[in-house]
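Source file: entry-v2.csv. Holds: CSV, C-alpha atoms.
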chain,number,residue,atom,x,y,z
E,1,MET,CA,0.0,0.0,0.0
E,2,LYS,CA,1.2,3.5,-0.8
E,3,GLU,CA,0.8,6.5,1.5
E,4,ASP,CA,-2.6,8.2,1.1
E,5,PRO,CA,-2.1,11.9,1.2
E,6,LEU,CA,-5.9,12.5,1.8
E,7,LEU,CA,-6.3,10.2,4.8
E,8,GLU,CA,-6.6,13.0,7.3
E,9,GLU,CA,-9.2,14.8,5.1
E,10,LEU,CA,-11.2,11.5,4.9
E,11,ARG,CA,-11.0,11.2,8.6
E,12,MET,CA,-12.3,14.8,9.1
E,13,ALA,CA,-15.1,14.5,6.5
E,14,PHE,CA,-16.5,11.1,7.2
E,15,PRO,CA,-17.9,9.8,10.5
E,16,ARG,CA,-16.0,7.1,12.4
E,17,GLU,CA,-19.0,5.2,13.6
E,18,PRO,CA,-19.5,1.4,13.5
E,19,ILE,CA,-21.4,0.3,10.5
E,20,ALA,CA,-24.5,-1.8,11.0
E,21,ALA,CA,-24.3,-4.2,8.2
E,22,ALA,CA,-27.9,-5.5,8.4
E,23,GLY,CA,-29.9,-4.7,5.3
E,24,ALA,CA,-26.8,-3.7,3.3
E,25,PHE,CA,-27.9,-5.8,0.3
E,26,ASP,CA,-31.6,-5.5,0.6
E,27,GLN,CA,-32.0,-2.6,-1.8
E,28,ARG,CA,-30.1,-4.0,-4.8
E,29,GLY,CA,-27.9,-6.9,-3.8
E,30,ARG,CA,-30.1,-9.9,-2.9
E,31,PHE,CA,-28.3,-12.0,-5.5
E,32,TYR,CA,-24.8,-10.9,-4.7
E,33,CYS,CA,-22.8,-14.1,-4.4
E,34,ASP,CA,-20.4,-12.9,-1.7
E,35,GLY,CA,-22.9,-10.9,0.4
E,36,VAL,CA,-22.6,-13.1,3.5
E,37,ASP,CA,-18.8,-12.7,3.7
E,38,TYR,CA,-19.1,-8.9,3.0
E,39,LEU,CA,-21.7,-8.5,5.7
E,40,ARG,CA,-19.6,-10.4,8.2
E,41,GLU,CA,-16.5,-8.3,7.4
E,42,MET,CA,-18.3,-5.0,7.6
E,43,ASP,CA,-20.6,-5.4,10.6
E,44,GLY,CA,-19.8,-3.4,13.7
E,45,LYS,CA,-16.6,-1.8,12.3
E,46,THR,CA,-15.8,1.8,11.4
E,47,TRP,CA,-14.6,2.4,7.9
E,48,GLU,CA,-11.0,2.6,9.1
E,49,GLN,CA,-11.3,-0.8,10.8
E,50,LEU,CA,-12.4,-2.5,7.6
E,51,GLU,CA,-9.7,-4.9,6.3
E,52,PRO,CA,-8.2,-3.3,3.1
E,53,PRO,CA,-7.2,-6.6,1.3
E,54,PHE,CA,-10.7,-8.1,1.7
E,55,PHE,CA,-12.6,-5.0,0.7
E,56,ALA,CA,-10.3,-4.3,-2.3
E,57,ARG,CA,-10.7,-7.8,-3.5
E,58,ARG,CA,-14.5,-7.6,-3.0
E,59,SER,CA,-14.9,-4.2,-4.5
E,60,ASP,CA,-17.6,-5.8,-6.8
E,61,GLY,CA,-19.8,-5.6,-3.7
E,62,LEU,CA,-20.1,-1.8,-4.4
E,63,ASP,CA,-22.5,-2.6,-7.2
E,64,PHE,CA,-24.9,-4.4,-4.9
E,65,LEU,CA,-24.8,-2.3,-1.7
E,66,SER,CA,-27.7,0.0,-0.6
E,67,ASP,CA,-27.3,3.7,-0.8
E,68,THR,CA,-26.7,4.1,2.9
E,69,HIS,CA,-24.1,1.4,3.1
E,70,LEU,CA,-22.4,2.7,-0.1
E,71,ALA,CA,-22.0,6.1,1.7
E,72,ALA,CA,-20.7,4.3,4.8
E,73,VAL,CA,-17.9,2.4,3.0
E,74,LEU,CA,-17.1,5.2,0.5
E,75,PRO,CA,-14.3,6.7,2.6
E,76,LEU,CA,-12.6,3.3,2.7
E,77,TYR,CA,-12.8,2.9,-1.0
E,78,LEU,CA,-11.5,6.4,-1.6
E,79,HIS,CA,-8.6,5.5,0.6
E,80,LEU,CA,-8.0,2.3,-1.2
E,81,LEU,CA,-8.2,4.1,-4.6
E,82,LEU,CA,-5.2,6.2,-3.5
E,83,ALA,CA,-3.4,3.5,-1.4
E,84,PHE,CA,-3.5,0.8,-4.0
E,85,GLN,CA,-3.9,3.0,-7.2
E,86,PRO,CA,-4.5,0.8,-10.3
E,87,THR,CA,-3.0,-2.3,-8.7
E,88,SER,CA,-6.4,-3.4,-7.3
E,89,PRO,CA,-9.9,-3.8,-8.7
E,90,VAL,CA,-11.0,-0.7,-6.8
E,91,PRO,CA,-10.7,1.9,-9.7
E,92,GLU,CA,-12.7,-0.2,-12.2
E,93,THR,CA,-15.7,-0.4,-9.9
E,94,LEU,CA,-15.5,2.8,-7.8
E,95,ILE,CA,-14.9,5.3,-10.6
E,96,PRO,CA,-17.9,4.2,-12.8
E,97,LEU,CA,-20.0,4.3,-9.6
E,98,LEU,CA,-18.8,7.9,-9.1
E,99,THR,CA,-19.6,8.9,-12.7
E,100,ARG,CA,-22.9,10.7,-13.2
E,101,PRO,CA,-24.6,8.6,-15.9
E,102,GLU,CA,-25.8,10.1,-19.1
E,103,PRO,CA,-28.5,8.4,-21.3
E,104,GLY,CA,-26.1,7.6,-24.1
E,105,ASP,CA,-23.6,5.7,-21.9
E,106,GLU,CA,-23.0,2.1,-22.6
E,107,PRO,CA,-24.7,-0.2,-21.6
E,108,THR,CA,-27.7,2.1,-22.2
E,109,GLU,CA,-30.1,-0.3,-20.4
E,110,LEU,CA,-28.4,0.4,-17.1
E,111,PHE,CA,-29.0,4.1,-17.3
E,112,ASP,CA,-32.0,4.3,-15.0
E,113,TRP,CA,-30.4,2.0,-12.4
E,114,GLN,CA,-27.1,3.9,-12.5
E,115,LYS,CA,-29.0,7.2,-12.2
E,116,ARG,CA,-31.0,6.0,-9.1
E,117,ARG,CA,-27.8,4.8,-7.5
E,118,PHE,CA,-25.8,8.0,-8.3
E,119,GLU,CA,-28.6,10.3,-7.0
E,120,GLY,CA,-29.1,8.1,-4.0
E,121,LEU,CA,-25.5,8.2,-3.0
E,122,THR,CA,-24.9,11.9,-3.7
E,123,ALA,CA,-28.0,12.8,-1.8
E,124,LEU,CA,-26.4,11.3,1.3
E,125,LEU,CA,-23.1,13.2,1.1
E,126,THR,CA,-22.4,16.6,2.6
E,127,ASP,CA,-20.5,19.2,0.6
E,128,ALA,CA,-17.4,18.6,2.7
E,129,GLN,CA,-17.6,14.9,1.8
E,130,LYS,CA,-18.1,15.7,-1.9
E,131,ARG,CA,-15.1,17.9,-1.8
E,132,VAL,CA,-13.0,15.0,-0.5
E,133,VAL,CA,-14.4,12.8,-3.3
E,134,ALA,CA,-13.3,15.4,-5.8
E,135,ARG,CA,-9.9,15.7,-4.2
E,136,ALA,CA,-9.4,11.9,-4.3
E,137,LEU,CA,-10.2,11.8,-8.0
E,138,GLN,CA,-7.8,14.6,-8.7
E,139,GLN,CA,-5.1,12.8,-6.6
E,140,PHE,CA,-5.7,9.6,-8.5
E,141,ILE,CA,-5.3,11.3,-11.8
E,142,GLU,CA,-2.0,12.8,-10.6
E,143,ASP,CA,-0.8,9.5,-9.3
E,144,ALA,CA,-1.9,7.3,-12.2
E,145,PRO,CA,-2.0,9.4,-15.4
E,146,ASN,CA,-2.3,6.4,-17.6
E,147,GLU,CA,-5.6,5.5,-15.9
E,148,ALA,CA,-6.8,9.1,-15.7
E,149,LYS,CA,-9.5,9.2,-18.4
E,150,PRO,CA,-12.4,7.6,-16.4
E,151,ALA,CA,-11.6,9.7,-13.3
E,152,GLU,CA,-11.5,12.9,-15.4
E,153,LEU,CA,-15.0,12.1,-16.8
E,154,ALA,CA,-16.3,11.6,-13.3
E,155,LEU,CA,-14.9,14.9,-12.2
E,156,ASP,CA,-16.2,16.8,-15.3
E,157,ARG,CA,-19.7,15.4,-14.9
E,158,TYR,CA,-20.2,16.2,-11.3
E,159,TRP,CA,-17.4,16.4,-8.7
E,160,ARG,CA,-15.3,19.3,-10.1
E,161,ALA,CA,-18.0,21.7,-8.8
E,162,PHE,CA,-16.9,20.7,-5.3
E,163,ALA,CA,-13.2,20.7,-5.8
R,1,MET,CA,-26.8,-13.0,-18.0
R,2,ASN,CA,-28.6,-15.7,-20.0
R,3,VAL,CA,-29.2,-17.6,-16.7
R,4,TYR,CA,-31.0,-14.6,-15.3
R,5,SER,CA,-33.2,-14.3,-18.4
R,6,TYR,CA,-34.0,-17.9,-18.3
R,7,VAL,CA,-35.0,-17.8,-14.6
R,8,ALA,CA,-36.9,-14.5,-15.1
R,9,ASP,CA,-38.9,-16.2,-17.9
R,10,LYS,CA,-39.6,-19.2,-15.7
R,11,VAL,CA,-40.8,-17.1,-12.8
R,12,ARG,CA,-42.9,-14.8,-15.1
R,13,SER,CA,-44.7,-17.8,-16.6
R,14,GLU,CA,-45.3,-19.7,-13.3
R,15,SER,CA,-48.8,-21.2,-13.5
R,16,ASP,CA,-49.1,-23.0,-10.2
R,17,PRO,CA,-51.5,-20.8,-8.1
R,18,VAL,CA,-49.7,-21.8,-4.9
R,19,ILE,CA,-46.3,-20.8,-6.1
R,20,ARG,CA,-47.4,-17.8,-8.2
R,21,PRO,CA,-47.4,-15.2,-5.3
R,22,TYR,CA,-43.9,-16.2,-4.3
R,23,ALA,CA,-42.7,-16.1,-7.9
R,24,GLU,CA,-44.1,-12.6,-8.2
R,25,GLN,CA,-42.1,-11.5,-5.2
R,26,LEU,CA,-38.9,-12.9,-6.8
R,27,ARG,CA,-39.8,-11.4,-10.3
R,28,VAL,CA,-39.9,-7.8,-9.0
R,29,ARG,CA,-36.5,-8.2,-7.4
R,30,TYR,CA,-34.7,-9.5,-10.5
R,31,PRO,CA,-34.2,-6.3,-12.5
R,32,GLU,CA,-32.3,-4.6,-9.6
R,33,ALA,CA,-30.2,-7.8,-9.0
R,34,ILE,CA,-29.4,-8.3,-12.7
R,35,ALA,CA,-28.2,-4.7,-13.0
R,36,GLY,CA,-25.5,-5.1,-10.5
R,37,HIS,CA,-24.1,-8.2,-12.3
R,38,GLU,CA,-24.4,-6.4,-15.6
R,39,GLN,CA,-22.5,-3.4,-14.3
R,40,GLN,CA,-19.8,-5.7,-13.0
R,41,ILE,CA,-19.5,-7.4,-16.4
R,42,THR,CA,-19.1,-4.0,-18.0
R,43,ASN,CA,-16.5,-2.9,-15.5
R,44,LYS,CA,-14.4,-6.1,-16.0
R,45,THR,CA,-14.7,-5.8,-19.8
R,46,ASN,CA,-13.6,-2.2,-19.7
R,47,ALA,CA,-10.7,-3.1,-17.3
R,48,LEU,CA,-9.6,-5.9,-19.6
R,49,ARG,CA,-9.7,-3.6,-22.7
R,50,ASN,CA,-7.6,-1.0,-20.8
R,51,CYS,CA,-5.1,-3.7,-19.8
R,52,LYS,CA,-4.7,-4.8,-23.4
R,53,LYS,CA,-4.0,-1.2,-24.4
R,54,GLU,CA,-1.1,-1.1,-22.0
R,55,LEU,CA,0.5,-4.2,-23.5
R,56,PRO,CA,3.7,-3.5,-25.4
Take the structure in the file and write it out as C-alpha coordinates.
Amino acid sequence: MKEDPLLEELRMAFPREPIAAAGAFDQRGRFYCDGVDYLREMDGKTWEQLEPPFFARRSDGLDFLSDTHLAAVLPLYLHLLLAFQPTSPVPETLIPLLTRPEPGDEPTELFDWQKRRFEGLTALLTDAQKRVVARALQQFIEDAPNEAKPAELALDRYWRAFA
Amino acid sequence: MNVYSYVADKVRSESDPVIRPYAEQLRVRYPEAIAGHEQQITNKTNALRNCKKELP
(Lines of atoms letter the chains of each structure in order from A and count residues from 1; the text may use other names and numbers.)
(Lines give C-alpha, C1' and ligand atoms only; values in the text may rest on other atoms or scores of the structure.)
Protein backbone atom coordinates (compact mmCIF):
# COMPACT_ATOMS: atom_id res chain seq x y z
CA MET A 1 0.00 0.00 0.00
CA LYS A 2 1.17 3.49 -0.81
CA GLU A 3 0.77 6.48 1.47
CA ASP A 4 -2.62 8.15 1.12
CA PRO A 5 -2.13 11.94 1.22
CA LEU A 6 -5.86 12.46 1.78
CA LEU A 7 -6.26 10.18 4.79
CA GLU A 8 -6.59 13.04 7.28
CA GLU A 9 -9.18 14.77 5.07
CA LEU A 10 -11.16 11.54 4.86
CA ARG A 11 -11.04 11.22 8.64
CA MET A 12 -12.27 14.78 9.06
CA ALA A 13 -15.10 14.49 6.52
CA PHE A 14 -16.54 11.06 7.20
CA PRO A 15 -17.92 9.79 10.52
CA ARG A 16 -16.01 7.12 12.36
CA GLU A 17 -19.03 5.21 13.61
CA PRO A 18 -19.48 1.43 13.54
CA ILE A 19 -21.38 0.30 10.45
CA ALA A 20 -24.51 -1.79 11.04
CA ALA A 21 -24.33 -4.24 8.15
CA ALA A 22 -27.91 -5.51 8.40
CA GLY A 23 -29.86 -4.71 5.26
CA ALA A 24 -26.77 -3.74 3.28
CA PHE A 25 -27.86 -5.82 0.29
CA ASP A 26 -31.64 -5.51 0.65
CA GLN A 27 -32.00 -2.60 -1.80
CA ARG A 28 -30.14 -4.03 -4.80
CA GLY A 29 -27.94 -6.94 -3.79
CA ARG A 30 -30.07 -9.92 -2.85
CA PHE A 31 -28.33 -11.99 -5.50
CA TYR A 32 -24.79 -10.86 -4.71
CA CYS A 33 -22.84 -14.10 -4.35
CA ASP A 34 -20.39 -12.87 -1.68
CA GLY A 35 -22.91 -10.94 0.39
CA VAL A 36 -22.59 -13.12 3.51
CA ASP A 37 -18.81 -12.66 3.70
CA TYR A 38 -19.12 -8.94 2.98
CA LEU A 39 -21.70 -8.46 5.75
CA ARG A 40 -19.57 -10.36 8.24
CA GLU A 41 -16.46 -8.33 7.45
CA MET A 42 -18.34 -5.02 7.59
CA ASP A 43 -20.59 -5.41 10.62
CA GLY A 44 -19.78 -3.36 13.70
CA LYS A 45 -16.60 -1.80 12.28
CA THR A 46 -15.78 1.78 11.43
CA TRP A 47 -14.59 2.41 7.88
CA GLU A 48 -11.01 2.61 9.13
CA GLN A 49 -11.29 -0.79 10.80
CA LEU A 50 -12.38 -2.54 7.59
CA GLU A 51 -9.75 -4.92 6.28
CA PRO A 52 -8.21 -3.35 3.13
CA PRO A 53 -7.24 -6.55 1.25
CA PHE A 54 -10.71 -8.09 1.68
CA PHE A 55 -12.61 -4.97 0.66
CA ALA A 56 -10.30 -4.26 -2.28
CA ARG A 57 -10.73 -7.83 -3.54
CA ARG A 58 -14.48 -7.65 -2.99
CA SER A 59 -14.95 -4.19 -4.50
CA ASP A 60 -17.55 -5.78 -6.80
CA GLY A 61 -19.80 -5.55 -3.73
CA LEU A 62 -20.12 -1.81 -4.38
CA ASP A 63 -22.50 -2.58 -7.25
CA PHE A 64 -24.86 -4.38 -4.85
CA LEU A 65 -24.79 -2.25 -1.68
CA SER A 66 -27.70 -0.05 -0.61
CA ASP A 67 -27.26 3.72 -0.84
CA THR A 68 -26.69 4.14 2.90
CA HIS A 69 -24.08 1.38 3.05
CA LEU A 70 -22.39 2.73 -0.06
CA ALA A 71 -22.02 6.08 1.70
CA ALA A 72 -20.70 4.29 4.81
CA VAL A 73 -17.90 2.45 3.00
CA LEU A 74 -17.13 5.21 0.49
CA PRO A 75 -14.28 6.70 2.58
CA LEU A 76 -12.59 3.29 2.75
CA TYR A 77 -12.79 2.87 -1.02
CA LEU A 78 -11.52 6.42 -1.64
CA HIS A 79 -8.61 5.55 0.64
CA LEU A 80 -8.00 2.27 -1.23
CA LEU A 81 -8.18 4.10 -4.55
CA LEU A 82 -5.17 6.17 -3.51
CA ALA A 83 -3.37 3.55 -1.44
CA PHE A 84 -3.53 0.76 -4.05
CA GLN A 85 -3.88 2.97 -7.15
CA PRO A 86 -4.46 0.84 -10.29
CA THR A 87 -3.01 -2.32 -8.72
CA SER A 88 -6.37 -3.42 -7.31
CA PRO A 89 -9.89 -3.83 -8.74
CA VAL A 90 -11.04 -0.72 -6.83
CA PRO A 91 -10.73 1.87 -9.66
CA GLU A 92 -12.66 -0.22 -12.19
CA THR A 93 -15.68 -0.40 -9.87
CA LEU A 94 -15.47 2.79 -7.80
CA ILE A 95 -14.91 5.28 -10.63
CA PRO A 96 -17.89 4.17 -12.77
CA LEU A 97 -20.00 4.34 -9.61
CA LEU A 98 -18.84 7.94 -9.07
CA THR A 99 -19.56 8.94 -12.67
CA ARG A 100 -22.92 10.66 -13.15
CA PRO A 101 -24.58 8.59 -15.89
CA GLU A 102 -25.85 10.08 -19.14
CA PRO A 103 -28.49 8.45 -21.34
CA GLY A 104 -26.06 7.55 -24.14
CA ASP A 105 -23.58 5.74 -21.88
CA GLU A 106 -23.02 2.05 -22.63
CA PRO A 107 -24.67 -0.17 -21.64
CA THR A 108 -27.68 2.07 -22.17
CA GLU A 109 -30.09 -0.31 -20.44
CA LEU A 110 -28.37 0.39 -17.11
CA PHE A 111 -28.99 4.15 -17.27
CA ASP A 112 -32.04 4.26 -14.98
CA TRP A 113 -30.40 1.95 -12.43
CA GLN A 114 -27.14 3.92 -12.49
CA LYS A 115 -29.02 7.21 -12.19
CA ARG A 116 -31.00 6.04 -9.14
CA ARG A 117 -27.79 4.82 -7.52
CA PHE A 118 -25.80 7.97 -8.27
CA GLU A 119 -28.56 10.26 -7.04
CA GLY A 120 -29.13 8.06 -3.99
CA LEU A 121 -25.47 8.21 -3.02
CA THR A 122 -24.87 11.90 -3.69
CA ALA A 123 -28.01 12.84 -1.76
CA LEU A 124 -26.43 11.30 1.34
CA LEU A 125 -23.10 13.16 1.08
CA THR A 126 -22.36 16.56 2.60
CA ASP A 127 -20.55 19.23 0.60
CA ALA A 128 -17.42 18.55 2.67
CA GLN A 129 -17.59 14.86 1.77
CA LYS A 130 -18.13 15.69 -1.90
CA ARG A 131 -15.07 17.92 -1.76
CA VAL A 132 -12.98 14.99 -0.52
CA VAL A 133 -14.36 12.77 -3.31
CA ALA A 134 -13.29 15.42 -5.84
CA ARG A 135 -9.86 15.70 -4.21
CA ALA A 136 -9.43 11.91 -4.27
CA LEU A 137 -10.25 11.76 -7.99
CA GLN A 138 -7.80 14.59 -8.69
CA GLN A 139 -5.11 12.85 -6.64
CA PHE A 140 -5.73 9.56 -8.48
CA ILE A 141 -5.32 11.34 -11.83
CA GLU A 142 -2.05 12.81 -10.63
CA ASP A 143 -0.77 9.47 -9.29
CA ALA A 144 -1.90 7.29 -12.20
CA PRO A 145 -1.98 9.43 -15.35
CA ASN A 146 -2.33 6.37 -17.61
CA GLU A 147 -5.61 5.54 -15.88
CA ALA A 148 -6.83 9.14 -15.70
CA LYS A 149 -9.54 9.23 -18.35
CA PRO A 150 -12.44 7.64 -16.39
CA ALA A 151 -11.62 9.74 -13.31
CA GLU A 152 -11.53 12.91 -15.42
CA LEU A 153 -14.98 12.06 -16.79
CA ALA A 154 -16.32 11.59 -13.26
CA LEU A 155 -14.86 14.95 -12.24
CA ASP A 156 -16.20 16.75 -15.30
CA ARG A 157 -19.71 15.43 -14.94
CA TYR A 158 -20.20 16.22 -11.26
CA TRP A 159 -17.40 16.42 -8.72
CA ARG A 160 -15.32 19.28 -10.08
CA ALA A 161 -17.96 21.70 -8.83
CA PHE A 162 -16.92 20.75 -5.29
CA ALA A 163 -13.15 20.73 -5.81
CA MET B 1 -26.84 -13.05 -17.98
CA ASN B 2 -28.65 -15.75 -19.98
CA VAL B 3 -29.21 -17.62 -16.74
CA TYR B 4 -31.05 -14.62 -15.29
CA SER B 5 -33.16 -14.25 -18.41
CA TYR B 6 -34.05 -17.93 -18.29
CA VAL B 7 -35.00 -17.78 -14.61
CA ALA B 8 -36.95 -14.54 -15.06
CA ASP B 9 -38.95 -16.17 -17.88
CA LYS B 10 -39.65 -19.22 -15.74
CA VAL B 11 -40.82 -17.09 -12.83
CA ARG B 12 -42.92 -14.84 -15.06
CA SER B 13 -44.73 -17.79 -16.60
CA GLU B 14 -45.32 -19.69 -13.34
CA SER B 15 -48.82 -21.15 -13.53
CA ASP B 16 -49.12 -22.97 -10.19
CA PRO B 17 -51.52 -20.81 -8.10
CA VAL B 18 -49.73 -21.79 -4.88
CA ILE B 19 -46.27 -20.80 -6.13
CA ARG B 20 -47.37 -17.76 -8.17
CA PRO B 21 -47.43 -15.19 -5.29
CA TYR B 22 -43.89 -16.17 -4.29
CA ALA B 23 -42.75 -16.14 -7.90
CA GLU B 24 -44.10 -12.60 -8.25
CA GLN B 25 -42.06 -11.46 -5.21
CA LEU B 26 -38.94 -12.87 -6.85
CA ARG B 27 -39.76 -11.41 -10.26
CA VAL B 28 -39.89 -7.81 -9.05
CA ARG B 29 -36.46 -8.17 -7.45
CA TYR B 30 -34.70 -9.54 -10.50
CA PRO B 31 -34.15 -6.33 -12.52
CA GLU B 32 -32.30 -4.63 -9.64
CA ALA B 33 -30.23 -7.77 -9.03
CA ILE B 34 -29.41 -8.29 -12.69
CA ALA B 35 -28.24 -4.69 -13.05
CA GLY B 36 -25.47 -5.13 -10.47
CA HIS B 37 -24.11 -8.16 -12.27
CA GLU B 38 -24.37 -6.44 -15.64
CA GLN B 39 -22.50 -3.42 -14.26
CA GLN B 40 -19.75 -5.71 -12.97
CA ILE B 41 -19.45 -7.44 -16.35
CA THR B 42 -19.14 -4.00 -17.99
CA ASN B 43 -16.50 -2.93 -15.45
CA LYS B 44 -14.43 -6.06 -16.00
CA THR B 45 -14.74 -5.83 -19.79
CA ASN B 46 -13.55 -2.21 -19.72
CA ALA B 47 -10.69 -3.08 -17.35
CA LEU B 48 -9.58 -5.91 -19.63
CA ARG B 49 -9.67 -3.61 -22.67
CA ASN B 50 -7.59 -1.01 -20.80
CA CYS B 51 -5.06 -3.69 -19.77
CA LYS B 52 -4.69 -4.83 -23.36
CA LYS B 53 -4.02 -1.24 -24.43
CA GLU B 54 -1.11 -1.12 -21.98
CA LEU B 55 0.54 -4.20 -23.46
CA PRO B 56 3.71 -3.48 -25.42
What are the closest atom pairs, with distances in Å to one decimal, for each residue of chain E lying within 12 Å of chain R, using all atoms listed in the file, rows by chain and rising residue number, as CSV?
residue,atom,partner,partner_atom,distance
E:Phe25,CA,R:Ala33,CA,9.8
E:Asp26,CA,R:Arg29,CA,9.8
E:Gln27,CA,R:Glu32,CA,8.1
E:Arg28,CA,R:Glu32,CA,5.3
E:Gly29,CA,R:Ala33,CA,5.8
E:Arg30,CA,R:Ala33,CA,6.5
E:Phe31,CA,R:Ala33,CA,5.8
E:Tyr32,CA,R:Ala33,CA,7.6
E:Cys33,CA,R:His37,CA,9.9
E:Arg58,CA,R:Gln40,CA,11.5
E:Ser59,CA,R:Gln40,CA,9.9
E:Asp60,CA,R:Gln40,CA,6.6
E:Gly61,CA,R:Gly36,CA,8.9
E:Leu62,CA,R:Gly36,CA,8.8
E:Asp63,CA,R:Gly36,CA,5.1
E:Phe64,CA,R:Gly36,CA,5.7
E:Leu65,CA,R:Gly36,CA,9.3
E:Ser66,CA,R:Glu32,CA,11.1
E:Pro86,CA,R:Ala47,CA,10.1
E:Thr87,CA,R:Cys51,CA,11.4
E:Ser88,CA,R:Ala47,CA,10.9
E:Pro89,CA,R:Ala47,CA,8.7
E:Val90,CA,R:Asn43,CA,10.5
E:Pro91,CA,R:Ala47,CA,9.1
E:Glu92,CA,R:Asn43,CA,5.7
E:Thr93,CA,R:Asn43,CA,6.2
E:Leu94,CA,R:Asn43,CA,9.6
E:Ile95,CA,R:Asn43,CA,9.7
E:Pro96,CA,R:Asn43,CA,7.7
E:Leu97,CA,R:Gln39,CA,9.4
E:Asp105,CA,R:Thr42,CA,11.4
E:Glu106,CA,R:Thr42,CA,8.6
E:Pro107,CA,R:Thr42,CA,7.7
E:Thr108,CA,R:Gln39,CA,10.9
E:Glu109,CA,R:Ala35,CA,8.8
E:Leu110,CA,R:Ala35,CA,6.5
E:Phe111,CA,R:Ala35,CA,9.8
E:Asp112,CA,R:Ala35,CA,10.0
E:Trp113,CA,R:Ala35,CA,7.1
E:Gln114,CA,R:Ala35,CA,8.7
E:Lys115,CA,R:Ala35,CA,12.0
E:Arg116,CA,R:Glu32,CA,10.7
E:Arg117,CA,R:Gly36,CA,10.6
E:Asn146,CA,R:Glu54,CA,8.8
E:Glu147,CA,R:Asn50,CA,8.4
E:Ala148,CA,R:Asn50,CA,11.3
E:Lys149,CA,R:Asn50,CA,10.6
E:Pro150,CA,R:Asn46,CA,10.4
Quick one: pull the distance between CA of Tyr158 in chain E and CA of Phe118 in chain E, Å, one decimal. 10.4 Å
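Those residues that approach Val133 in chain E to within 9 Å, counting only C-alpha atoms, are E:Leu10, E:Leu74, E:Pro75, E:Leu78, E:Leu98, E:Ala128, E:Gln129, E:Lys130, E:Ala136, E:Leu137, E:Gln138, E:Trp159, E:Phe162, E:Ala163; same-chain residues fewer than 3 positions away are not listed.
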CA of Gly44 in chain E to CA of Glu8 in chain E, distance in Å rounded to a single decimal: 22.0 Å
Working from the structure I just supplied, which lacks atoms in range 108-121 of chain E, can you model N, CA and C atoms there and output them as a PDB file, in the coordinates of the input?
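So the final result, stored in rebuild.pdb, reads:
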ATOM      1  N   THR E 108     -26.597   1.102 -22.343  1.00  0.00           N
ATOM      2  CA  THR E 108     -27.700   2.100 -22.200  1.00  0.00           C
ATOM      3  C   THR E 108     -28.814   1.548 -21.289  1.00  0.00           C
ATOM      4  N   GLU E 109     -28.982   0.227 -21.239  1.00  0.00           N
ATOM      5  CA  GLU E 109     -30.100  -0.300 -20.400  1.00  0.00           C
ATOM      6  C   GLU E 109     -29.872  -0.148 -18.935  1.00  0.00           C
ATOM      7  N   LEU E 110     -28.636   0.206 -18.541  1.00  0.00           N
ATOM      8  CA  LEU E 110     -28.400   0.400 -17.100  1.00  0.00           C
ATOM      9  C   LEU E 110     -28.561   1.840 -16.665  1.00  0.00           C
ATOM     10  N   PHE E 111     -28.932   2.722 -17.600  1.00  0.00           N
ATOM     11  CA  PHE E 111     -29.000   4.100 -17.300  1.00  0.00           C
ATOM     12  C   PHE E 111     -29.884   4.444 -16.057  1.00  0.00           C
ATOM     13  N   ASP E 112     -31.111   3.945 -16.082  1.00  0.00           N
ATOM     14  CA  ASP E 112     -32.000   4.300 -15.000  1.00  0.00           C
ATOM     15  C   ASP E 112     -31.504   3.742 -13.644  1.00  0.00           C
ATOM     16  N   TRP E 113     -30.960   2.553 -13.655  1.00  0.00           N
ATOM     17  CA  TRP E 113     -30.400   2.000 -12.400  1.00  0.00           C
ATOM     18  C   TRP E 113     -29.210   2.770 -11.932  1.00  0.00           C
ATOM     19  N   GLN E 114     -28.323   3.133 -12.874  1.00  0.00           N
ATOM     20  CA  GLN E 114     -27.100   3.900 -12.500  1.00  0.00           C
ATOM     21  C   GLN E 114     -27.558   5.294 -11.957  1.00  0.00           C
ATOM     22  N   LYS E 115     -28.567   5.869 -12.601  1.00  0.00           N
ATOM     23  CA  LYS E 115     -29.000   7.200 -12.200  1.00  0.00           C
ATOM     24  C   LYS E 115     -29.602   7.167 -10.775  1.00  0.00           C
ATOM     25  N   ARG E 116     -30.429   6.181 -10.493  1.00  0.00           N
ATOM     26  CA  ARG E 116     -31.000   6.000  -9.100  1.00  0.00           C
ATOM     27  C   ARG E 116     -29.883   5.873  -8.117  1.00  0.00           C
ATOM     28  N   ARG E 117     -28.878   5.067  -8.468  1.00  0.00           N
ATOM     29  CA  ARG E 117     -27.800   4.800  -7.500  1.00  0.00           C
ATOM     30  C   ARG E 117     -26.960   6.075  -7.304  1.00  0.00           C
ATOM     31  N   PHE E 118     -26.628   6.763  -8.399  1.00  0.00           N
ATOM     32  CA  PHE E 118     -25.800   8.000  -8.300  1.00  0.00           C
ATOM     33  C   PHE E 118     -26.522   9.034  -7.450  1.00  0.00           C
ATOM     34  N   GLU E 119     -27.795   9.239  -7.765  1.00  0.00           N
ATOM     35  CA  GLU E 119     -28.600  10.300  -7.000  1.00  0.00           C
ATOM     36  C   GLU E 119     -28.768   9.843  -5.580  1.00  0.00           C
ATOM     37  N   GLY E 120     -28.962   8.543  -5.360  1.00  0.00           N
ATOM     38  CA  GLY E 120     -29.100   8.100  -4.000  1.00  0.00           C
ATOM     39  C   GLY E 120     -27.882   8.285  -3.161  1.00  0.00           C
ATOM     40  N   LEU E 121     -26.730   8.029  -3.756  1.00  0.00           N
ATOM     41  CA  LEU E 121     -25.500   8.200  -3.000  1.00  0.00           C
ATOM     42  C   LEU E 121     -25.169   9.684  -2.796  1.00  0.00           C
TER      43      LEU E 121
END
